[in-house]
Amino acid sequence: MRSFKPDQIPDSELEEILEAALRAPLANNSEQWHFSVIQDQKFLGHLVKTIADVITASDNKGPFQKFAGSNAYHTFYHAPTVIVISIDMNEGMTQRDYSAAAAAENILIAAESLNISSCWVGGIVYPFDSEIGRKTRAVAKIPETHGADAQKTETSLKESMGIPAGYSPVAAIALGYESDKPPSLPFSIIAGGPRKKDVITYVRSS
């Protein structure tokens, strides 16, 4: 889903979605992950601009790069809530990626069960894999712990999102309610179409 209404999702349903993420299967039962829940639209706009700057400054020329430089571009499709999944970069690559993917899938399934639309966004990695992103500063509210009073400070993007040292974002899930407006994209999307069946091999006893 790539077009959201501005209406915010209820806190009670957000907590259900987060609980589903925390219940995801874990490689080696190691909870080396972190979830940043972003609902500050000003901060999301700043993050989108940073991602757009990284894309437009890249050497990968193409229609998407041009689109990222336009006013129509929004990394999270104007979703009112974005959950950013970060993982410990000191963990083994396979283990940490499996855990993050399982958590993301649980978020998508839980959201669907609550009639909340979602979209897995991989572009969240761009600001943290580039010099532009690392130099970016942001004014944001940073809760020391979940539910604690927030404080305003000028800090890096990672710190603004409460991401622990040594961790880095690997995925983001945009959440909200589907808009009637078609998404503005430089490519066509076919949702709900038939899937290939020739990608399955059965190995059975004869």
# chains A, B, ... in the order shown; residues from 1 in each chain; ligands from 1
$ residues_around --residues "Ile83 (chain A)" --least-positions-apart "6" --cutoff "8 Å" --atoms "only C-alpha atoms" --output "list in words"
Phe35, Ser36, Val37, Ile38, Ala172, Ile173, Ala174 and Leu175 of chain A
$ closest_residue --among "A:Ile163, A:Leu14, A:Val82, A:Ile109" --to "Leu44 (chain A)" --atoms "only C-alpha atoms"
A:Val82
$ closest_residue --among "A:Pro127, A:Gly62, A:Pro6, A:Gly69" --to "Thr50 (chain A)" --atoms "only C-alpha atoms"
A:Pro127
$ residues_around --residues "Ile17 (chain A)" --least-positions-apart "2" --cutoff "8 Å" --atoms "only C-alpha atoms" --output "NGL selection string"
:A and (13-15 or 19-21 or 106-107 or 110-111)
$ residues_around --residues "Pro10 (chain A)" --least-positions-apart "6" --cutoff "12 Å" --atoms "only C-alpha atoms" --output "ChimeraX atom specification"
/A:16-17,39,80-81,111,114-116,175-177
$ closest_residue --among "A:Glu112, A:Tyr126, A:Asn29, A:Asp7" --to "Ser58 (chain A)" --atoms "only C-alpha atoms"
A:Tyr126
$ residues_around --residues "His34 (chain A)" --least-positions-apart "5" --cutoff "7 Å" --atoms "only C-alpha atoms" --output "PyMOL selection string"
chain A and resi 85-87+163
$ write_last_selection --atoms "N, CA and C atoms" --output "PDB file, in the first residue's frame"
ATOM      1  N   ILE A  85      13.056  -0.505  12.186  1.00  0.00           N
ATOM      2  CA  ILE A  85      13.690  -1.646  12.847  1.00  0.00           C
ATOM      3  C   ILE A  85      15.204  -1.525  12.690  1.00  0.00           C
ATOM      4  N   SER A  86      15.902  -1.496  13.818  1.00  0.00           N
ATOM      5  CA  SER A  86      17.358  -1.426  13.811  1.00  0.00           C
ATOM      6  C   SER A  86      17.918  -2.684  14.469  1.00  0.00           C
ATOM      7  N   ILE A  87      19.095  -3.070  14.052  1.00  0.00           N
ATOM      8  CA  ILE A  87      19.709  -4.276  14.605  1.00  0.00           C
ATOM      9  C   ILE A  87      21.160  -4.014  14.983  1.00  0.00           C
ATOM     10  N   ILE A 163      18.125   5.100  18.709  1.00  0.00           N
ATOM     11  CA  ILE A 163      18.808   3.883  18.272  1.00  0.00           C
ATOM     12  C   ILE A 163      20.102   3.708  19.073  1.00  0.00           C
TER      13      ILE A 163
END
$ residues_around --residues "Lys158 (chain A)" --least-positions-apart "5" --cutoff "9 Å" --atoms "only C-alpha atoms" --output "JSON, numbers by chain"
{"A": [128, 134, 163, 164, 165, 167, 168, 169]}
$ write_last_selection --atoms "N, CA and C atoms" --output "mmCIF file, in the first residue's frame"
data_model
loop_
_atom_site.group_PDB
_atom_site.id
_atom_site.type_symbol
_atom_site.label_atom_id
_atom_site.label_comp_id
_atom_site.auth_asym_id
_atom_site.auth_seq_id
_atom_site.Cartn_x
_atom_site.Cartn_y
_atom_site.Cartn_z
ATOM 1 N N PHE A 128 21.815 6.349 6.600
ATOM 2 C CA PHE A 128 22.795 5.821 7.547
ATOM 3 C C PHE A 128 23.957 5.129 6.852
ATOM 4 N N ARG A 134 25.005 10.812 7.692
ATOM 5 C CA ARG A 134 25.770 10.818 8.944
ATOM 6 C C ARG A 134 26.001 12.234 9.458
ATOM 7 N N ILE A 163 18.125 5.100 18.709
ATOM 8 C CA ILE A 163 18.808 3.883 18.272
ATOM 9 C C ILE A 163 20.102 3.708 19.073
ATOM 10 N N PRO A 164 20.293 2.557 19.701
ATOM 11 C CA PRO A 164 21.494 2.339 20.517
ATOM 12 C C PRO A 164 22.779 2.384 19.694
ATOM 13 N N ALA A 165 23.872 2.686 20.355
ATOM 14 C CA ALA A 165 25.180 2.681 19.699
ATOM 15 C C ALA A 165 25.477 1.287 19.148
ATOM 16 N N TYR A 167 24.027 -0.014 16.619
ATOM 17 C CA TYR A 167 22.873 -0.490 15.868
ATOM 18 C C TYR A 167 22.671 0.376 14.623
ATOM 19 N N SER A 168 21.970 -0.173 13.643
ATOM 20 C CA SER A 168 21.674 0.594 12.433
ATOM 21 C C SER A 168 20.342 0.128 11.851
ATOM 22 N N PRO A 169 19.548 1.054 11.272
ATOM 23 C CA PRO A 169 18.263 0.683 10.679
ATOM 24 C C PRO A 169 18.440 -0.231 9.461
#
$ residues_around --residues "Thr56 (chain A)" --least-positions-apart "5" --cutoff "8 Å" --atoms "only C-alpha atoms" --output "list in words"
Gln65, Lys66, Ala68 and Gly69 of chain A
$ closest_residue --among "A:Val203, A:Cys119, A:Ala102, A:Ile124" --to "Arg2 (chain A)" --atoms "only C-alpha atoms"
A:Cys119
$ atom_distance --atom1 "CA of Lys196 (chain A)" --atom2 "CA of Thr75 (chain A)"
28.2 Å
$ select_by_dssp --residues "region 52-110 of chain A" --states "alpha helix (DSSP H)" --output "PyMOL selection string"
chain A and resi 52-57+63-68+93-110
